[in-house]
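Worksheet: the structure to be examined is printed underneath.
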Amino acid sequence: MEALGNIHMSWRGMEYNGTMAVKVRYPDTFRIEIYGPFGETQVMIDKKGDDFLFTSRDEIIRDEKMFEKRFGITLGNFMEDITLRHYRDENSDQPYVYVKREGYLLMYELKGLKDRICWKGGDGSICLSFIEANFHPSRGD
C-alpha cells in the first residue's frame, strides 16, 4: 500500500497535524512521514526487516520495542490496521467498522465523503484521512 493524506494526532504528548505519506509492504516494510507546513519532515517511522528508526523534533528511537513501549502500540498491529487487515468484504455495506484492540479502538470510515482510519484510546487519538491510496495485494499491502 502506498498512500497520501492528512494526519491529526494527539497521542501520549505528541501533537501533529499535517500531510503524510505512507508505504507498507506487510509484514516487513513500513514507512510513514509526517510533513510540516513548509514540507519539512516532522516525524518519520522507517522499518525494513529488523532495521527500525523513529525520528521526531524531540527524539530518535532506533529500537522497535522501545518505540512500542513509548507509544503503547505495536508496530505490527499498526501495520495490520493501516493495511485494512480487519476490513473485510462482508463489511463493505457498512459506513463504519470498529475493531477493539488492546488499549485502543480502531475505526474504519471508508464510505462516503471521508476515507479515514482512526485509533482512539486512553492515550489519545490518531486519524489518517486518505487523499490517494494504492493497494497491491500480491505484495502484501
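In the C-alpha cells, chains take letters A, B, ... by order of appearance, with residues numbered from 1 within each chain and ligands from 1 in the order shown.
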Practice task
List every residue of stretch 80-136 of chain A that DSSP, applied to the backbone of this structure, places in strand (DSSP E), and write the result as a ChimeraX atom specification.
Solution key: /A:97-101,104-109,116-121,124-134
Handout entry: Close residues, stretch 26-41 of chain A itself excluded, 12 Å, only C-alpha atoms, min 3 positions apart in chain, as an NGL selection string
Key = :A and (1-9 or 15-23 or 44-57 or 64 or 75-85 or 128 or 135-141)
Filtering to N, CA and C atoms, could you give me those residues as a compact mmCIF listing (two decimals), in the first residue's frame?
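Contents of the output file selection17.txt:
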# COMPACT_ATOMS: atom_id res chain seq x y z
N MET A 1 0.84 -1.18 0.00
CA MET A 1 0.00 0.00 0.00
C MET A 1 0.88 1.24 0.00
N GLU A 2 0.51 2.18 -0.80
CA GLU A 2 1.13 3.50 -0.79
C GLU A 2 0.01 4.52 -0.73
N ALA A 3 0.15 5.51 0.14
CA ALA A 3 -0.93 6.47 0.32
C ALA A 3 -0.42 7.86 0.65
N LEU A 4 -1.23 8.83 0.30
CA LEU A 4 -1.01 10.23 0.68
C LEU A 4 -2.25 10.70 1.39
N GLY A 5 -2.06 11.60 2.34
CA GLY A 5 -3.22 12.11 3.04
C GLY A 5 -2.85 13.06 4.14
N ASN A 6 -3.73 13.14 5.12
CA ASN A 6 -3.55 14.04 6.26
C ASN A 6 -3.60 13.24 7.55
N ILE A 7 -2.90 13.75 8.54
CA ILE A 7 -2.89 13.11 9.86
C ILE A 7 -3.27 14.15 10.91
N HIS A 8 -4.06 13.71 11.85
CA HIS A 8 -4.41 14.50 13.03
C HIS A 8 -4.09 13.61 14.21
N MET A 9 -3.10 14.01 14.99
CA MET A 9 -2.59 13.13 16.03
C MET A 9 -2.42 13.88 17.35
N GLU A 15 1.70 16.00 19.46
CA GLU A 15 0.64 16.68 18.72
C GLU A 15 1.15 16.97 17.32
N TYR A 16 0.47 16.41 16.31
CA TYR A 16 0.83 16.68 14.92
C TYR A 16 -0.43 16.77 14.08
N ASN A 17 -0.45 17.75 13.20
CA ASN A 17 -1.49 17.89 12.19
C ASN A 17 -0.78 18.28 10.92
N GLY A 18 -1.00 17.52 9.89
CA GLY A 18 -0.34 17.86 8.63
C GLY A 18 -0.55 16.79 7.59
N THR A 19 0.22 16.91 6.54
CA THR A 19 0.15 15.93 5.47
C THR A 19 1.08 14.77 5.79
N MET A 20 0.80 13.64 5.15
CA MET A 20 1.63 12.46 5.40
C MET A 20 1.69 11.61 4.15
N ALA A 21 2.76 10.82 4.09
CA ALA A 21 2.93 9.80 3.05
C ALA A 21 3.25 8.51 3.78
N VAL A 22 2.65 7.42 3.32
CA VAL A 22 2.87 6.13 3.96
C VAL A 22 3.09 5.06 2.90
N LYS A 23 3.98 4.13 3.22
CA LYS A 23 4.26 2.99 2.34
C LYS A 23 4.38 1.76 3.21
N MET A 44 9.13 10.70 11.31
CA MET A 44 9.34 9.62 10.36
C MET A 44 9.46 8.31 11.14
N ILE A 45 8.77 7.30 10.65
CA ILE A 45 8.95 5.94 11.13
C ILE A 45 9.38 5.13 9.93
N ASP A 46 10.48 4.40 10.06
CA ASP A 46 11.01 3.62 8.95
C ASP A 46 11.42 2.25 9.46
N LYS A 47 10.77 1.21 8.93
CA LYS A 47 11.09 -0.18 9.29
C LYS A 47 11.32 -0.96 8.02
N LYS A 48 12.47 -1.62 7.97
CA LYS A 48 12.81 -2.53 6.86
C LYS A 48 13.40 -3.77 7.50
N GLY A 49 12.64 -4.87 7.48
CA GLY A 49 13.12 -6.09 8.13
C GLY A 49 13.32 -5.84 9.62
N ASP A 50 14.54 -6.07 10.09
CA ASP A 50 14.84 -5.86 11.51
C ASP A 50 15.35 -4.45 11.81
N ASP A 51 15.58 -3.63 10.79
CA ASP A 51 16.05 -2.26 10.99
C ASP A 51 14.87 -1.35 11.28
N PHE A 52 15.04 -0.47 12.27
CA PHE A 52 13.96 0.41 12.69
C PHE A 52 14.52 1.78 13.04
N LEU A 53 13.78 2.83 12.66
CA LEU A 53 14.16 4.19 13.03
C LEU A 53 12.90 5.04 13.18
N PHE A 54 12.80 5.72 14.31
CA PHE A 54 11.76 6.72 14.55
C PHE A 54 12.47 8.04 14.83
N THR A 55 12.08 9.09 14.13
CA THR A 55 12.63 10.41 14.41
C THR A 55 11.48 11.42 14.50
N SER A 56 11.63 12.36 15.41
CA SER A 56 10.70 13.47 15.54
C SER A 56 11.51 14.71 15.88
N ARG A 57 10.82 15.80 16.13
CA ARG A 57 11.52 17.03 16.52
C ARG A 57 12.32 16.82 17.80
N GLU A 64 12.73 -0.97 17.98
CA GLU A 64 11.29 -1.10 17.76
C GLU A 64 10.54 -1.34 19.07
N LEU A 75 4.07 -2.03 16.43
CA LEU A 75 4.19 -1.64 15.03
C LEU A 75 3.49 -2.66 14.14
N GLY A 76 3.55 -3.95 14.50
CA GLY A 76 2.85 -4.98 13.74
C GLY A 76 1.35 -4.74 13.70
N ASN A 77 0.75 -4.40 14.84
CA ASN A 77 -0.68 -4.09 14.87
C ASN A 77 -0.99 -2.85 14.05
N PHE A 78 -0.15 -1.82 14.16
CA PHE A 78 -0.36 -0.60 13.41
C PHE A 78 -0.32 -0.88 11.90
N MET A 79 0.63 -1.73 11.48
CA MET A 79 0.73 -2.09 10.07
C MET A 79 -0.51 -2.88 9.62
N GLU A 80 -0.97 -3.79 10.45
CA GLU A 80 -2.20 -4.53 10.13
C GLU A 80 -3.38 -3.58 10.01
N ASP A 81 -3.46 -2.65 10.95
CA ASP A 81 -4.58 -1.70 10.96
C ASP A 81 -4.59 -0.85 9.69
N ILE A 82 -3.44 -0.33 9.33
CA ILE A 82 -3.37 0.61 8.21
C ILE A 82 -3.53 -0.08 6.85
N THR A 83 -3.22 -1.38 6.79
CA THR A 83 -3.39 -2.12 5.53
C THR A 83 -4.76 -2.78 5.45
N LEU A 84 -5.67 -2.41 6.35
CA LEU A 84 -7.07 -2.83 6.32
C LEU A 84 -7.24 -4.33 6.52
N ARG A 85 -6.38 -4.96 7.28
CA ARG A 85 -6.48 -6.40 7.52
C ARG A 85 -7.77 -6.77 8.25
N LEU A 128 -6.01 9.18 10.27
CA LEU A 128 -5.43 9.33 8.94
C LEU A 128 -6.57 9.47 7.95
N PHE A 135 -3.43 0.01 -3.37
CA PHE A 135 -3.20 -1.27 -2.73
C PHE A 135 -2.70 -2.27 -3.76
N HIS A 136 -1.74 -3.07 -3.34
CA HIS A 136 -1.16 -4.11 -4.20
C HIS A 136 -1.16 -5.41 -3.40
N PRO A 137 -2.30 -6.14 -3.36
CA PRO A 137 -2.42 -7.32 -2.50
C PRO A 137 -1.35 -8.38 -2.76
N SER A 138 -0.88 -8.51 -3.97
CA SER A 138 0.13 -9.54 -4.25
C SER A 138 1.44 -9.24 -3.57
N ARG A 139 1.66 -7.98 -3.16
CA ARG A 139 2.90 -7.62 -2.49
C ARG A 139 2.73 -7.46 -0.99
N GLY A 140 1.59 -7.85 -0.44
CA GLY A 140 1.39 -7.77 0.99
C GLY A 140 0.83 -6.46 1.49
N ASP A 141 0.22 -5.70 0.61
CA ASP A 141 -0.37 -4.42 1.02
C ASP A 141 -1.73 -4.64 1.64
Handout entry: Atom pair atom CA of A:Cys127 / atom CA of A:Val24: separation (Å)
Key = 17.1 Å
Problem - Selection: 10 Å around A:Gly122, only C-alpha atoms, excl. self and same-chain fewer than 2 positions, as a count of residues only - result: 8
Handout entry: Selection: 9 Å around A:Gln94, only C-alpha atoms, excl. self and same-chain fewer than 6 positions, as a list in words
Key = Glu109, Leu110 and Lys111 of chain A
I'd like to know which residues of stretch 73-130 of chain A are helix (DSSP H, G or I) (by DSSP, run on the backbone); could you write them as a short mmCIF file (atom, residue, chain, number, x, y, z; two decimals) with N, CA and C atoms, in the first residue's frame?
data_model
loop_
_atom_site.label_atom_id
_atom_site.label_comp_id
_atom_site.auth_asym_id
_atom_site.auth_seq_id
_atom_site.Cartn_x
_atom_site.Cartn_y
_atom_site.Cartn_z
N LEU A 75 4.07 -2.03 16.43
CA LEU A 75 4.19 -1.64 15.03
C LEU A 75 3.49 -2.66 14.14
N GLY A 76 3.55 -3.95 14.50
CA GLY A 76 2.85 -4.98 13.74
C GLY A 76 1.35 -4.74 13.70
N ASN A 77 0.75 -4.40 14.84
CA ASN A 77 -0.68 -4.09 14.87
C ASN A 77 -0.99 -2.85 14.05
N PHE A 78 -0.15 -1.82 14.16
CA PHE A 78 -0.36 -0.60 13.41
C PHE A 78 -0.32 -0.88 11.90
N MET A 79 0.63 -1.73 11.48
CA MET A 79 0.73 -2.09 10.07
C MET A 79 -0.51 -2.88 9.62
N GLU A 80 -0.97 -3.79 10.45
CA GLU A 80 -2.20 -4.53 10.13
C GLU A 80 -3.38 -3.58 10.01
N ASP A 81 -3.46 -2.65 10.95
CA ASP A 81 -4.58 -1.70 10.96
C ASP A 81 -4.59 -0.85 9.69
N ILE A 82 -3.44 -0.33 9.33
CA ILE A 82 -3.37 0.61 8.21
C ILE A 82 -3.53 -0.08 6.85
N ASP A 89 -14.72 -7.86 3.19
CA ASP A 89 -15.77 -7.65 2.20
C ASP A 89 -17.16 -7.66 2.82
N GLU A 90 -17.36 -8.48 3.86
CA GLU A 90 -18.69 -8.53 4.47
C GLU A 90 -19.05 -7.22 5.16
N ASN A 91 -18.06 -6.34 5.36
CA ASN A 91 -18.32 -5.03 5.95
C ASN A 91 -18.54 -3.95 4.89
#
Handout entry: For atom CA of A:Asp115 and atom CA of A:Phe130, the interatomic separation in Å (one decimal)
Key = 5.5 Å
Practice task
Go through A:Thr74, A:Gln42, A:Asn134, A:Ser129 one by one, measure the shortest atom-to-atom distance of each to A:Met14 using only C-alpha atoms, and give the residue with the smallest value.
Solution key: A:Gln42
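The interatomic distance for the pair atom CA of A:Asp63 and atom CA of A:Lys100 works out to 26.3 Å.
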Practice task
Considering only C-alpha atoms, return as an MDAnalysis selection string whatever protein or nucleic-acid residues lie within 6 Å of A:Tyr108, sequence-local ones (same chain, fewer than 5 positions apart) excluded.
Solution key: chainID A and resid 96:97 117
